[in-house]
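Working notes, structure below.
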Amino acid sequence: MEVESVIGVDGLEAKSEVTAEAQSKASLEVSKDGYEPIHSKSPVFFDLYQRKSELKHQTHYCPGCGHGVVHKLIAEALQELGLQDSTIFVSPVGCSVFAYYYFDVGNVQVAHGRAPASATAIKRSCPEKIVISYQGDGDLAAIGTAEIVHAANRGEKITVFFVNNGIYGMTGGQMAPTTLVGQKSTTSPWGRRPANEGFPLHMAELLATLEAPAYIERVALSDNKNIMKARRVIRKALEIQRDDAGFSFVEILSPCPTIWGKNPVEARRWVLEKMTPTFPLNVFRDRRPEVPTGDEPLQRTVGDVLEITPKTHLHNVSTTKRAYHFKNVTIKVAGFGGQGVLLLGQLLIEMGMREGLEVSWLPSYGPEMRSGSAHCHVCLSRERIGSPLVSRPDVLVAMNEFSLRKFASEVATGGLILYNGASVPADFSAPGAQVVGIPAAEIADKLGSTKAANIVMMGALLEETECLAPGTALSVLEDKVKKPDLLEIDRRALFAGRLFIDDNAHIGAVSQSDGFA
Amino acid sequence: MRQLCKGNVAVVKGAILAGCRAYYGYPITPASEIAESAALYFPQVGGTFLQAESEVAAINMVYGAAAAGTRVMTGSSGPGLSLMQEGMSYLAGAELPCVIVDVMRGGPGLGNIAPEQSDYFAMVKGGGHGNYRNIVLAPASVQEMAELTMLAFELADKYRNPAVVLADGFIGQMVEPLDLEYREIHPPEKSWAVKGTPETRANLVSSICLETDELEEHQRRMEAKYIRAQEAEPLCELCYTEDAEILLVGYGIVSRVLLSTVDALRKEGVKAGLFRPITLWPYPSKTLAKAARKVEKVIVVELSNGQMVEDVHLALNGKVPVEFYGRVGGNVPSVAELQQLVLTRMSAMV
């Protein structure tokens, strides 16, 4: 069959009744007799197709099918370029699903339409190797449209051979995205009607709209001249990959005599007469693309990147021993997004961890983070923490009135509510909890940044509960806040929060009695 | 030395420590930090990060990298995992090792982004076509997000099979101390891989077995390795089970709430215990059966309408009464709620 494939139209007519098997055997017999066949089989093909279960001398392709020709041209190109040992061939789903029966190279068979995706990752795993994605029209232009477009758009340094015969061959003749207008198939029995099925997809032209591809050309297996053209184009596409020059794509208009209901000669003529008007033969792209690499990331050691080397842990470990009797504490911090609610929680667990406690932090996440309310759950414990969810907080830090009203009822009996406001709303009550209003936003404003209100609240929290040492808070802030001016504001905010509690111890009591009213 | 880390980020740290240098994925809440930290870390350690055009492409990229012998992973959440199911079937069929992380969210459909455990069937029983299993590990802490990801790579290579790390939105989003140690990792040599070398030229990665006998033989071989995994790999944690009269069963975030519940119940004199499966496949059925031998009742709690409970039934085979309690939609039961549940169900026993 490979022999047949380069025989011209005239010659083929005479031989079309000779079965492929007979041809193959004849060719082998000649070889045994010591003759060098004119059309020898490329060593990139297996001698015998052992992966087939039967008829190991011949391919599974029908007589006159274009796949055999394309296979031969690829095999010869790989042979000529000396790439057999460094090639990985990706077989798709469709008639060429069994390409691995024939090519004596590394083979990977993949899911329908996904060959460009799998080839992408193979190439990135083996950047020095030649990766071929061989696909038919159903595979590439229907189910796998996204994968081919994006692989091409990324300029993956792979070579795609797109065999377009305008039909689903393997499954018995259903319509393909490249089926011609008016062409009959089992799923377009009245002929393809653009009003119902759309127009044929021009993949080469479509991909040529992209920046990254280096080479895109369409060829046809319609006659000897065009086949020899295809031979050069296939080789060139592989050379581009060999030279690491970018994405190369060859669309090959190919006969499918069996499904088209034509003999091989008619089928070849049909490629030329019917297909090429819709799919013109052309070079659509041939240049080395300019692909900016951008800033390449610096290479660092795994330890450095993952922050698990001692070096990255030279932060200020607090030397302050916990001066207070520590009791396991659960905290809920709530407020508007942007008030530093989640950050306050994270600072608390950082402090807790540095003091040797078990800690957990759980945020409200998702769309809420971008607008509206945000809250987080914080647990500080001497023992292993069970539930990280705080449903009965010992302390509620409410950064706004909405949060105060929403979460106050959750606070444990004897618990504490710290509210970001000079005074607690008159109609608010939280039986069983101590409520302290802190004008954190105003305090922070005066210090130079309203954003430091969360740190004022942290100062108040530490002073009121004595759960963590202020010294630890300072060292955490020193590590986390990189800008010196902001750090200074945060230090003063922390201090101001503590001071407010010390100076206004009575406010809490007043609020509390209001609460019980 | 301990560092604070988000669960989703810990997955990536664990993966890099396990020698994984390839990540192909697509963003989705609540799993996006996996892709984001992979994008940040992998290129700095000589690895590959690529944001695919879809989860379908991502899982097929995983297939390609795995076929080339690379330790490779992806991460997503329910809707993305649905798209990956075909690819996972191919990976299992072609016996390609890889790690897939599912940070579960509420479903079905677009559902919401709050935590659920409703992908249990899809991951543990297999949502793709054909006879295959995923190895499934269920972390319950940030530390385990890293450690079980590392284990997942080992098991994936050992059995040449996809391994899934099945977490939920809360485990993915929470921050806890993480203690990691750098060790030189040497992933096993994969002589079967296709690498574009003379030595691997004869190799073929494929899930096709065209002949009926050939496909049956292939599946029998897969079955044999699954049986080996069932013997060797089940993992679980037992808390207060020695004298337990009532055994609570849950995994992931639920097991954390259950641990607090057991503590609370013990303070009230109720002899409760906790059984936490760490491997969901292979399920630690033997240990569960042993732990449940003397209890009066088993209560399974899930963030689902009842999925893992079926494996508990299978493990206990009717010998102990099994009851189920589930919350869905992103709601997670509180300790008080579960405490009350246990007290009510126990009083019903008397």
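Ordering of the structure tokens sets the chain letters (A, B, ...); residue numbers start at 1 within each chain; ligands are numbered from 1 in the order shown.
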> Do you know which residues are at most 12 Å from B:Tyr24 counting only C-alpha atoms, after dropping those on the same chain fewer than 3 positions away, and could you put them as a PyMOL selection string?
Replying inline: (chain A and resi 117-118+120-122+124-125) or (chain B and resi 20-21+27+34-36+38-39+42+47-66+71-76+98-101)
Output the selection as a short mmCIF file (atom, residue, chain, number, x, y, z; two decimals), in the first residue's frame - N, CA and C atoms for each residue.
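The file below, again.cif, is the result:
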data_model
loop_
_atom_site.label_atom_id
_atom_site.label_comp_id
_atom_site.auth_asym_id
_atom_site.auth_seq_id
_atom_site.Cartn_x
_atom_site.Cartn_y
_atom_site.Cartn_z
N ALA A 117 -3.42 18.82 23.19
CA ALA A 117 -3.21 19.05 24.63
C ALA A 117 -2.17 18.07 25.17
N SER A 118 -2.34 16.79 24.85
CA SER A 118 -1.38 15.78 25.33
C SER A 118 -0.01 16.04 24.72
N THR A 120 1.21 18.84 23.83
CA THR A 120 1.75 20.01 24.53
C THR A 120 2.57 19.58 25.74
N ALA A 121 1.96 18.72 26.55
CA ALA A 121 2.63 18.32 27.79
C ALA A 121 3.78 17.36 27.53
N ILE A 122 3.64 16.53 26.50
CA ILE A 122 4.75 15.63 26.15
C ILE A 122 5.95 16.48 25.73
N ARG A 124 6.59 19.54 26.49
CA ARG A 124 7.17 20.29 27.61
C ARG A 124 7.93 19.37 28.57
N SER A 125 7.55 18.09 28.57
CA SER A 125 8.33 17.12 29.35
C SER A 125 9.62 16.76 28.62
N CYS B 20 7.31 16.46 42.05
CA CYS B 20 6.45 16.84 40.93
C CYS B 20 6.96 18.15 40.35
N ARG B 21 7.10 18.20 39.05
CA ARG B 21 7.58 19.41 38.40
C ARG B 21 6.69 19.83 37.23
N PRO B 27 -8.43 27.42 36.55
CA PRO B 27 -8.88 27.94 37.85
C PRO B 27 -10.35 27.64 38.16
N ILE B 34 -4.48 26.52 44.37
CA ILE B 34 -3.58 25.44 43.95
C ILE B 34 -2.90 25.84 42.65
N ALA B 35 -3.72 26.28 41.68
CA ALA B 35 -3.15 26.73 40.40
C ALA B 35 -2.27 27.96 40.60
N GLU B 36 -2.73 28.87 41.45
CA GLU B 36 -1.97 30.11 41.65
C GLU B 36 -0.60 29.84 42.29
N ALA B 38 0.97 26.99 42.25
CA ALA B 38 1.76 26.21 41.28
C ALA B 38 2.38 27.16 40.25
N ALA B 39 1.60 28.16 39.83
CA ALA B 39 2.12 29.14 38.86
C ALA B 39 3.30 29.91 39.44
N PHE B 42 6.28 26.48 40.70
CA PHE B 42 6.86 25.50 39.77
C PHE B 42 7.96 26.10 38.87
N GLY B 47 10.27 23.74 37.08
CA GLY B 47 9.10 22.97 36.67
C GLY B 47 8.26 23.70 35.64
N THR B 48 7.19 23.03 35.23
CA THR B 48 6.27 23.59 34.23
C THR B 48 4.94 23.89 34.88
N PHE B 49 4.45 25.09 34.65
CA PHE B 49 3.05 25.40 34.98
C PHE B 49 2.39 25.88 33.72
N LEU B 50 1.24 25.33 33.42
CA LEU B 50 0.50 25.82 32.26
C LEU B 50 -0.99 25.89 32.60
N GLN B 51 -1.57 27.08 32.39
CA GLN B 51 -3.02 27.20 32.52
C GLN B 51 -3.64 26.75 31.22
N ALA B 52 -4.39 25.67 31.29
CA ALA B 52 -4.99 25.08 30.09
C ALA B 52 -6.22 25.86 29.68
N GLU B 53 -6.73 25.56 28.49
CA GLU B 53 -7.92 26.25 27.99
C GLU B 53 -9.18 25.70 28.62
N SER B 54 -9.10 24.56 29.26
CA SER B 54 -10.26 23.96 29.93
C SER B 54 -9.75 22.83 30.80
N GLU B 55 -10.65 22.33 31.64
CA GLU B 55 -10.28 21.16 32.44
C GLU B 55 -10.10 19.94 31.53
N VAL B 56 -10.84 19.92 30.43
CA VAL B 56 -10.70 18.81 29.48
C VAL B 56 -9.27 18.79 28.94
N ALA B 57 -8.80 19.95 28.53
CA ALA B 57 -7.43 20.02 28.03
C ALA B 57 -6.44 19.72 29.15
N ALA B 58 -6.71 20.25 30.34
CA ALA B 58 -5.78 20.08 31.46
C ALA B 58 -5.53 18.60 31.76
N ILE B 59 -6.60 17.82 31.82
CA ILE B 59 -6.42 16.41 32.21
C ILE B 59 -5.72 15.65 31.08
N ASN B 60 -5.92 16.09 29.84
CA ASN B 60 -5.23 15.43 28.73
C ASN B 60 -3.77 15.87 28.63
N MET B 61 -3.48 17.05 29.16
CA MET B 61 -2.07 17.45 29.30
C MET B 61 -1.42 16.58 30.39
N VAL B 62 -2.16 16.38 31.46
CA VAL B 62 -1.65 15.48 32.51
C VAL B 62 -1.34 14.12 31.91
N TYR B 63 -2.24 13.65 31.03
CA TYR B 63 -2.04 12.36 30.36
C TYR B 63 -0.73 12.37 29.56
N GLY B 64 -0.50 13.46 28.84
CA GLY B 64 0.71 13.55 28.02
C GLY B 64 1.97 13.56 28.87
N ALA B 65 1.96 14.40 29.92
CA ALA B 65 3.15 14.49 30.78
C ALA B 65 3.41 13.16 31.48
N ALA B 66 2.33 12.51 31.94
CA ALA B 66 2.48 11.22 32.61
C ALA B 66 3.03 10.18 31.64
N ARG B 71 6.38 13.29 36.83
CA ARG B 71 5.42 13.39 37.95
C ARG B 71 4.60 14.63 37.72
N VAL B 72 3.29 14.47 37.57
CA VAL B 72 2.44 15.56 37.10
C VAL B 72 1.15 15.59 37.92
N MET B 73 0.58 16.79 38.01
CA MET B 73 -0.67 16.91 38.76
C MET B 73 -1.59 17.97 38.16
N THR B 74 -2.83 17.93 38.62
CA THR B 74 -3.78 19.00 38.36
C THR B 74 -4.67 19.14 39.58
N GLY B 75 -5.40 20.25 39.63
CA GLY B 75 -6.31 20.47 40.75
C GLY B 75 -7.54 21.19 40.26
N SER B 76 -8.68 20.90 40.89
CA SER B 76 -9.92 21.55 40.47
C SER B 76 -10.97 21.34 41.55
N CYS B 98 -0.62 9.80 38.13
CA CYS B 98 -0.74 11.26 38.23
C CYS B 98 -1.51 11.56 39.51
N VAL B 99 -1.48 12.80 39.91
CA VAL B 99 -2.23 13.21 41.10
C VAL B 99 -3.25 14.28 40.70
N ILE B 100 -4.48 14.06 41.15
CA ILE B 100 -5.58 14.97 40.84
C ILE B 100 -6.18 15.43 42.17
N VAL B 101 -6.26 16.73 42.36
CA VAL B 101 -6.81 17.25 43.61
C VAL B 101 -8.20 17.79 43.36
#
>> I need the residues of stretch 74-254 of chain A that end up classed as helix (DSSP H, G or I) by DSSP on the backbone, written out as a count of residues only.
In response: 73
>> Using DSSP assignments from the backbone, pull out every residue in stretch 44-237 of chain B that falls under strand (DSSP E) and give it to me as a ChimeraX atom specification.
In response: /B:48-51,72-76,98-104,135-137,162-168,175-179,204-205,236-237
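For the set B:Glu184, B:Glu245, B:Glu233, B:Glu323, the residue with the smallest atom-to-atom gap to chain A is B:Glu184, counting only C-alpha atoms.
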>> What are the residues of chain A lining chain B at 7 Å or less? Count only C-alpha atoms, and put the answer as a ChimeraX atom specification.
In response: /A:85-88,104-110,114,117-122,125-126,129,147,150,297-303,305-306,308,350,359-363,366,386-387,391
>> Let me make sure I understand: among B:Ala18, B:Ala264, B:Ile28, B:Ile185, which one has the smallest atom-to-atom distance to B:Leu151 if we use only C-alpha atoms?
In response: B:Ala18
> Any idea what the distance is between atom CA of A:Ile167 and atom CA of A:Lys225?
Replying inline: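 Interatomic distance here is 24.1 Å.
Proximity to A:Phe326 was assessed for A:Ala452, A:Cys467, A:Leu474, A:Val70 counting only C-alpha atoms; the smallest distance is recorded for A:Cys467.
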>> Report as a ChimeraX atom specification all protein, DNA and RNA residues lying within 12 Å of A:Ala141, evaluated on only C-alpha atoms, omitting residues in the same chain fewer than 3 positions from it.
In response: /A:112-116,135-138,144-149,162-168,175-179,200-204,206-207,251
>> Need the shell around B:Glu231: protein/DNA/RNA residues with any atom at most 10 Å away, counting only C-alpha atoms. Skip same-chain ones fewer than 5 positions apart. Format as a VMD selection string?
In response: chain B and resid 225 to 226 282 284 286
>> Neighbouring residues of stretch 342-347 of chain B were defined as those with any atom within 9 Å, considering only C-alpha atoms; residues of the same chain fewer than 6 positions away were excluded. Please report them as a list in words.
In response: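 My list of contacting residues is Ile246, Leu248, Leu265, Val270, Ala272, Glu296, Lys297, Ile299 and Glu323 of chain B.
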Serialized selection, all heavy atoms, as a CSV table (one decimal), in the first residue's frame:
chain,number,residue,atom,x,y,z
B,246,ILE,N,-20.6,4.5,71.1
B,246,ILE,CA,-21.1,5.1,69.9
B,246,ILE,C,-20.0,5.6,69.0
B,246,ILE,O,-19.0,6.2,69.5
B,246,ILE,CB,-22.2,6.2,70.1
B,246,ILE,CG1,-22.8,6.6,68.8
B,246,ILE,CG2,-21.5,7.4,70.8
B,246,ILE,CD1,-24.2,7.1,69.0
B,248,LEU,N,-18.6,7.6,65.8
B,248,LEU,CA,-18.9,8.6,64.8
B,248,LEU,C,-17.9,8.4,63.6
B,248,LEU,O,-16.7,8.2,63.9
B,248,LEU,CB,-18.8,10.0,65.3
B,248,LEU,CG,-19.7,10.3,66.6
B,248,LEU,CD1,-19.5,11.7,67.1
B,248,LEU,CD2,-21.2,10.0,66.2
B,265,LEU,N,-18.7,15.4,74.0
B,265,LEU,CA,-19.5,14.3,74.6
B,265,LEU,C,-18.8,13.5,75.7
B,265,LEU,O,-19.4,13.2,76.7
B,265,LEU,CB,-19.8,13.3,73.4
B,265,LEU,CG,-20.8,13.8,72.4
B,265,LEU,CD1,-20.8,12.9,71.2
B,265,LEU,CD2,-22.3,13.8,73.0
B,270,VAL,N,-20.4,10.7,77.9
B,270,VAL,CA,-20.9,9.8,76.8
B,270,VAL,C,-19.6,9.2,76.1
B,270,VAL,O,-18.7,9.9,75.7
B,270,VAL,CB,-21.7,10.6,75.7
B,270,VAL,CG1,-22.1,9.7,74.6
B,270,VAL,CG2,-22.9,11.3,76.4
B,272,ALA,N,-18.1,8.3,73.4
B,272,ALA,CA,-18.2,8.4,71.9
B,272,ALA,C,-16.8,8.2,71.4
B,272,ALA,O,-15.8,8.5,72.1
B,272,ALA,CB,-18.7,9.8,71.5
B,296,GLU,N,-22.5,0.2,70.1
B,296,GLU,CA,-24.0,0.0,69.9
B,296,GLU,C,-24.5,0.6,68.6
B,296,GLU,O,-25.5,0.1,68.1
B,296,GLU,CB,-24.7,0.5,71.1
B,296,GLU,CG,-24.4,-0.3,72.4
B,296,GLU,CD,-24.9,0.4,73.6
B,296,GLU,OE1,-26.1,0.8,73.6
B,296,GLU,OE2,-24.2,0.5,74.6
B,297,LYS,N,-23.8,1.6,68.2
B,297,LYS,CA,-24.4,2.3,67.0
B,297,LYS,C,-23.2,3.1,66.3
B,297,LYS,O,-22.3,3.5,67.0
B,297,LYS,CB,-25.5,3.3,67.4
B,297,LYS,CG,-26.2,4.0,66.3
B,297,LYS,CD,-27.3,4.9,66.7
B,297,LYS,CE,-28.6,4.1,67.0
B,297,LYS,NZ,-29.7,4.9,67.3
B,299,ILE,N,-22.7,6.3,63.7
B,299,ILE,CA,-23.4,7.4,63.0
B,299,ILE,C,-22.3,8.0,62.0
B,299,ILE,O,-21.2,8.4,62.4
B,299,ILE,CB,-23.8,8.5,64.0
B,299,ILE,CG1,-24.8,7.9,65.0
B,299,ILE,CG2,-24.5,9.7,63.2
B,299,ILE,CD1,-25.3,8.9,66.0
B,323,GLU,N,-26.4,4.7,61.2
B,323,GLU,CA,-27.3,5.8,60.9
B,323,GLU,C,-26.5,6.9,60.2
B,323,GLU,O,-25.3,6.9,60.2
B,323,GLU,CB,-27.9,6.3,62.2
B,323,GLU,CG,-28.8,5.3,62.8
B,323,GLU,CD,-29.6,5.8,64.0
B,323,GLU,OE1,-29.5,7.1,64.3
B,323,GLU,OE2,-30.2,5.0,64.7
